[in-house]
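Novice: Dropping a structure here in structure tokens format, bear with me for questions.
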There are 2 protein chains.
Amino acid sequence: MTEKSLIFPAQEYRDRVTRLQAGMAAGGLDALLLSAPADIFYTAGFLTRFWESPARPWFVVVPQSGEPVAVIPAIGAELMGRCWIPQIRTWDAPDPRDDGVSLLAGTLADLVPESGRIGLPMGLETHLRMPLADFEALRTRLAPRALVDATACVQRVREIKSEAEIAKIRTSCEIAARAFDRVPEFARAGRKLDAVFRDFQIALLDEGADWVSYVAGGAGCDGYGDVISPAGPEPLRPGDVLMLDTGAVREGYFCDFDRNWAIGPASDCARRANDALWQATEEVIATLRPGHRACDVHAMLCAGLRRHGATPSGGRLGHGLGITLTEWPSFTPLDTTPLRAGMVLTLEPGCETRDGHILVHEENIVLREDGVELLSRRAPAELPEIVG
Amino acid sequence: MTEKSLIFPAQEYRDRVTRLQAGMAAGGLDALLLSAPADIFYTAGFLTRFWESPARPWFVVVPQSGEPVAVIPAIGAELMGRCWIPQIRTWDAPDPRDDGVSLLAGTLADLVPESGRIGLPMGLETHLRMPLADFEALRTRLAPRALVDATACVQRVREIKSEAEIAKIRTSCEIAARAFDRVPEFARAGRKLDAVFRDFQIALLDEGADWVSYVAGGAGCDGYGDVISPAGPEPLRPGDVLMLDTGAVREGYFCDFDRNWAIGPASDCARRANDALWQATEEVIATLRPGHRACDVHAMLCAGLRRHGATPSGGRLGHGLGITLTEWPSFTPLDTTPLRAGMVLTLEPGCETRDGHILVHEENIVLREDGVELLSRRAPAELPEIVG
């Protein structure tokens, strides 16, 4: 009961908080108010699947100096007590009269002077995980303190992964690679797609995933219509391309990559699309360096696909990866985030095959000073065929 | 590609919208703005695991009359197009300049007069799933229209399950019951808890779960310290009580119940606690009726536990269940929500066994006009033992 429950040594979390505090100092923030599961795991090491219950808000407050304070429902006291944060304040949640607002307001008021500024993530790819009415009440209680956006402060720190984090993501990638190896054991013509999805999740668990937060995919002749649908009971047919994509989790860290297979002999159309995707990815792996921007990757992938005769699909062509299935930045024409060494990223080019059908390819990488290091085991250059 | 992707016939969703619109009329709301995955699944039938990516916000707008409008990232157009909502507006997300705010503001401005009121869930157990800064921009754009709390409007509709929904939850419960039956095959003294968690998830998938959104549990002599921790590598020991709790999902609907086992012969302490939990639950199953309030269930369970010699643990002793692992109401002393026929609920009494250790028992029920109907297969009265 009293074992520590920490994914990393406490020093890892202390280092993270120190880096956040440096960003806070630069941004003139007296405290950081965190409510998202990923931010709370990042700072406190508090890992649970209980986020699946929307009933209760949870908070970590990072002051400008000193240690964070956890302000959480009493149901989490035992687990948080096995993490590294010494100061834990709890209330009996859910409480319809005051669901932690007074406790949180008091904690922040103790740490931040009336002239002070409290930052919280308010920007792209963030959510406030507390009831909006409670946030309004909190803002009133804290006035004249200002509640300001701290998205950049959090993102610039979290987006650079430590070697310890990279090792965790690599482990998740290896688990997925072994599960992908086993797909030909259970995916074949006549097998229903939902059964294949189930078996793939079983394979991921069997290979060491703690849990499988994400599986998507698709199957169709020369490609699929989208990449976010759950599986239906339609059987795989000869001529289909099957795609499976996963965010399997080990010790709180995700992988996120997919693989494609031809069911029966691959059509020329599918083979050409796969070849263009593979080559375009290969070229980015060879040339990407710190100093490129997120939008540059989008341009590089699109140029590579066109050079190899393919039409890029819409949407982003990759993104950050780590504590959540997807993190910023986004490889779109609009995202100018500078890429830096230590970022873990997905390269995810997609191309159109025929009317409304696409093929999507994905690898996970870490950007190093001298270029790309693969975290996912590289997909085979040729579209693999599942025959018989 | 063009198959409909609906869990229920379109009429089920139309009926839901009609009920929401009746609540909106009663509450003086001209439109409802929904952003939470559960609310979007509830109204649109849009089911995906892609919520795992925090990158993009998604919206469904329900006008006071007529059909809802989906305002969503383009990546979801294909899947939403296979649902029942005819009007779908998309943007290329994520867009750092304007991530759907203008599209959403325009949609709402078309539907709601300047003197109108737009409701969104802002209360207990709700979150706004969009960046806070974007919400502030939206509010400014929509002024002088008022954005007001619509928690009660949504909850009073969603909390009464249709027979079609109850059937889905019953199916999820049956899947879990079959997986619980198999636990003695893989849980025994010497086996590590994280391996048991993995095998339990595999059993759930094997028995028909589409995915396993939640598994928690614990193990310890005469009980466990909490019920939300992930599993560690500690082996099960003779004398432990093992608890496994799951929210397995089939067609978008959760079950949420647990089971306990003694590893080796059960101690008197564990047996007595299990007996009190079982009896207290049995009494509520026999006596609960529409008209009771949520707080009455808490009182009934506490009284039952005490009558059987046990000390109730803190926290809520059950809750609603359906599209999310936990829904309102909460069986606490403070929640006065009236219980009505059609509500699907968990009875989840916990009791202290010795210093810092608890035992928790859980069943899933639907409340009928004449009393309780079990959805989970009733736990055995005696604490089962895994021997050898």
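Going by the structure tokens order, chains are called A, B, ..., each with residues numbered from 1, while ligands are numbered from 1 in the order shown.
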Which polymer residues have any atom within 9 Å of an atom of A:Leu138, counting only C-alpha atoms, with same-chain residues fewer than 5 positions away left out, as a PyMOL selection string?
Specialist: chain A and resi 101-102+104-105+133+143
Novice: Can you spit out the residues from that selection as a PDB file, in the first residue's frame, using N, CA and C atoms?
Specialist:
ATOM      1  N   VAL A 101     -13.867  24.666  -5.368  1.00  0.00           N
ATOM      2  CA  VAL A 101     -13.576  26.047  -5.781  1.00  0.00           C
ATOM      3  C   VAL A 101     -12.947  26.838  -4.630  1.00  0.00           C
ATOM      4  N   SER A 102     -13.514  26.725  -3.445  1.00  0.00           N
ATOM      5  CA  SER A 102     -12.970  27.483  -2.305  1.00  0.00           C
ATOM      6  C   SER A 102     -11.566  27.010  -1.951  1.00  0.00           C
ATOM      7  N   LEU A 104      -9.383  25.609  -3.911  1.00  0.00           N
ATOM      8  CA  LEU A 104      -8.463  26.031  -4.969  1.00  0.00           C
ATOM      9  C   LEU A 104      -8.215  27.537  -4.898  1.00  0.00           C
ATOM     10  N   ALA A 105      -9.282  28.298  -4.705  1.00  0.00           N
ATOM     11  CA  ALA A 105      -9.134  29.758  -4.612  1.00  0.00           C
ATOM     12  C   ALA A 105      -8.239  30.120  -3.434  1.00  0.00           C
ATOM     13  N   ALA A 133     -18.852  27.128 -14.971  1.00  0.00           N
ATOM     14  CA  ALA A 133     -19.424  28.000 -13.934  1.00  0.00           C
ATOM     15  C   ALA A 133     -18.482  28.078 -12.730  1.00  0.00           C
ATOM     16  N   ALA A 143     -10.082  37.731  -8.053  1.00  0.00           N
ATOM     17  CA  ALA A 143      -9.880  39.129  -8.476  1.00  0.00           C
ATOM     18  C   ALA A 143      -9.324  39.928  -7.295  1.00  0.00           C
TER      19      ALA A 143
END
Novice: Pick out the residues sitting within 9 Å of stretch 51-67 of chain B, and hand them over as a PyMOL selection string; count only C-alpha atoms, and ignore anything fewer than 5 positions along from it in its own chain.
Specialist: (chain A and resi 124-127+213-214+247+324-328+330) or (chain B and resi 14+17-18+20-22+24-25+29-37+39-40+43-44+72-73+85-87+93-94+99-100+104+107-108+111-112+129-131)
Novice: Show me, as a PyMOL selection string, the residues that have an atom within 10 Å of A:Gly28 when counting only C-alpha atoms, minus same-chain residues fewer than 5 positions from it.
Specialist: chain A and resi 22-23+64+116-119
Novice: Store the residues picked out above in a file with C-alpha atoms, as an mmCIF file, in the first residue's frame.
Specialist:
data_model
loop_
_atom_site.group_PDB
_atom_site.id
_atom_site.type_symbol
_atom_site.label_atom_id
_atom_site.label_comp_id
_atom_site.auth_asym_id
_atom_site.auth_seq_id
_atom_site.Cartn_x
_atom_site.Cartn_y
_atom_site.Cartn_z
ATOM 1 C CA ALA A 22 11.821 29.374 -15.657
ATOM 2 C CA GLY A 23 9.140 29.825 -18.310
ATOM 3 C CA GLN A 64 6.766 30.714 -9.092
ATOM 4 C CA GLY A 116 -0.260 38.804 -9.452
ATOM 5 C CA ARG A 117 -0.896 36.799 -12.570
ATOM 6 C CA ILE A 118 -2.049 33.172 -12.687
ATOM 7 C CA GLY A 119 -1.464 31.334 -15.939
#
Novice: Counting only C-alpha atoms, figure out which residue out of A:Thr151, A:Ser376, A:Ser172, A:Ser229 gets nearest to chain B.
Specialist: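 Looking only at the distances to chain B, the closest residue turns out to be A:Ser229.
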Novice: Looking only at strand (DSSP E or B) from DSSP on the backbone, list the matching residues of stretch 91-321 of chain A as JSON, numbers by chain.
Specialist: {"A": [91, 117, 118, 119, 120, 128, 146, 147, 148, 149, 192, 211, 212, 213, 214, 215, 216, 217, 218, 219, 220, 221, 224, 235, 240, 241, 242, 243, 244, 245, 246, 247, 248, 249, 250, 253, 254, 257, 258, 259, 260, 261, 262, 263, 290, 292, 293, 311, 312, 318, 319, 320]}
Novice: Would you save the residues from that selection as an mmCIF file, in the first residue's frame, using C-alpha atoms?
Specialist:
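Result saved to selection.cif:
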data_model
loop_
_atom_site.group_PDB
_atom_site.id
_atom_site.type_symbol
_atom_site.label_atom_id
_atom_site.label_comp_id
_atom_site.auth_asym_id
_atom_site.auth_seq_id
_atom_site.Cartn_x
_atom_site.Cartn_y
_atom_site.Cartn_z
ATOM 1 C CA TRP A 91 -12.107 17.843 -0.610
ATOM 2 C CA ARG A 117 -0.896 36.799 -12.570
ATOM 3 C CA ILE A 118 -2.049 33.172 -12.687
ATOM 4 C CA GLY A 119 -1.464 31.334 -15.939
ATOM 5 C CA LEU A 120 -3.472 28.467 -17.330
ATOM 6 C CA LEU A 128 -10.054 23.518 -19.004
ATOM 7 C CA ALA A 146 -5.393 38.177 -13.451
ATOM 8 C CA LEU A 147 -6.005 34.772 -15.042
ATOM 9 C CA VAL A 148 -3.995 34.720 -18.248
ATOM 10 C CA ASP A 149 -3.047 32.315 -21.009
ATOM 11 C CA LYS A 192 -14.882 -9.077 -39.908
ATOM 12 C CA TRP A 211 -3.913 -0.295 -21.846
ATOM 13 C CA VAL A 212 -5.027 0.556 -25.364
ATOM 14 C CA SER A 213 -6.422 4.063 -25.463
ATOM 15 C CA TYR A 214 -6.737 4.252 -29.188
ATOM 16 C CA VAL A 215 -7.270 1.910 -32.089
ATOM 17 C CA ALA A 216 -8.666 3.095 -35.384
ATOM 18 C CA GLY A 217 -8.337 1.930 -38.923
ATOM 19 C CA GLY A 218 -10.196 1.188 -42.060
ATOM 20 C CA ALA A 219 -10.412 -1.168 -44.993
ATOM 21 C CA GLY A 220 -11.523 -0.758 -48.559
ATOM 22 C CA CYS A 221 -10.589 -1.330 -52.144
ATOM 23 C CA TYR A 224 -10.349 3.779 -46.876
ATOM 24 C CA PRO A 235 -15.737 -8.663 -43.619
ATOM 25 C CA ASP A 240 -8.954 -4.293 -49.696
ATOM 26 C CA VAL A 241 -6.213 -2.301 -48.099
ATOM 27 C CA LEU A 242 -6.440 -2.751 -44.339
ATOM 28 C CA MET A 243 -5.028 -0.025 -42.109
ATOM 29 C CA LEU A 244 -4.626 -0.282 -38.337
ATOM 30 C CA ASP A 245 -3.523 2.694 -36.238
ATOM 31 C CA THR A 246 -2.864 2.634 -32.524
ATOM 32 C CA GLY A 247 -2.153 4.687 -29.492
ATOM 33 C CA ALA A 248 -1.103 1.968 -27.089
ATOM 34 C CA VAL A 249 0.041 3.116 -23.671
ATOM 35 C CA ARG A 250 2.829 1.851 -21.485
ATOM 36 C CA TYR A 253 3.335 7.174 -22.699
ATOM 37 C CA PHE A 254 1.770 6.694 -26.118
ATOM 38 C CA PHE A 257 1.630 4.887 -35.772
ATOM 39 C CA ASP A 258 -0.205 2.810 -38.322
ATOM 40 C CA ARG A 259 0.460 0.015 -40.780
ATOM 41 C CA ASN A 260 -1.200 -1.025 -44.048
ATOM 42 C CA TRP A 261 -1.685 -4.453 -45.604
ATOM 43 C CA ALA A 262 -3.137 -5.563 -48.898
ATOM 44 C CA ILE A 263 -5.697 -8.329 -48.477
ATOM 45 C CA PRO A 290 16.148 21.320 -35.758
ATOM 46 C CA HIS A 292 12.782 23.508 -39.569
ATOM 47 C CA ARG A 293 9.288 24.659 -38.671
ATOM 48 C CA THR A 311 -1.843 13.673 -54.426
ATOM 49 C CA PRO A 312 -1.515 14.665 -50.755
ATOM 50 C CA GLY A 318 1.835 14.577 -38.454
ATOM 51 C CA HIS A 319 2.056 16.044 -34.977
ATOM 52 C CA GLY A 320 3.686 15.849 -31.573
#
Novice: Counting only C-alpha atoms, which residue out of A:Pro333, A:Pro338, A:Gly371, A:Pro265 sits closest to chain B?
Specialist: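 Looking only at the distances to chain B, the closest residue turns out to be A:Pro333.
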Novice: Report, in Å to a single decimal, how far apart atom CA of B:Glu251 and atom CA of B:Arg170 are.
Specialist: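 That distance, rounded to one decimal, is 11.5 Å.
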Novice: Which neighbours of A:Gly314 fall inside 12 Å, counting only C-alpha atoms, when residues of the same chain fewer than 6 positions from it are skipped, and could you give them as a PyMOL selection string?
Specialist: (chain A and resi 226+298+301-302+331-333+348-352+356-360) or (chain B and resi 73-76+91-94)
Novice: My list of candidates is A:Ala38, A:Val372, A:Leu132, A:Leu367. Which is closest to chain B when distances are computed with only C-alpha atoms?
Specialist: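 Looking at the shortest contact to chain B, the residue is A:Leu132.
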Novice: Run DSSP on the backbone and give me the residues of stretch 200-322 of chain B it puts in alpha helix (DSSP H), as a ChimeraX atom specification.
Specialist: /B:200-206,268-287,294-307
Novice: Closest to chain B among A:Pro144, A:Pro68, A:Gly315, A:Pro184, using only C-alpha atoms?
Specialist: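 That would be A:Gly315, the residue with the smallest distance to chain B.
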Novice: At what distance in Å, to one decimal, does atom CA of B:Trp84 lie from atom CA of B:Arg16?
Specialist: 12.6 Å
Novice: Need to verify the contact set: A:Asp268, 9 Å, only C-alpha atoms, exclusion of same-chain residues closer than 4 positions in sequence. Can you return it as a list of chain:residue names?
Specialist: A:Asp222, A:Arg272, A:Ala273
Novice: Which residue out of A:Thr171, A:Ser313, A:Asn364, A:Ser162 has the minimum interatomic distance to chain B when only C-alpha atoms are used?
Specialist: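 With only C-alpha atoms as the atom set, the closest residue is A:Ser313.
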Novice: If we count only C-alpha atoms, what is near B:Ala303 at a cut-off of 8 Å, once residues fewer than 4 positions away on the same chain are taken out, given as a count of residues only?
Specialist: 3
Novice: For a test of reading the model, state the distance in Å between atom CA of B:Phe180 and atom CA of B:Asp199, rounded to one decimal.
Specialist: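 Computing it gives 10.8 Å between the two atoms.
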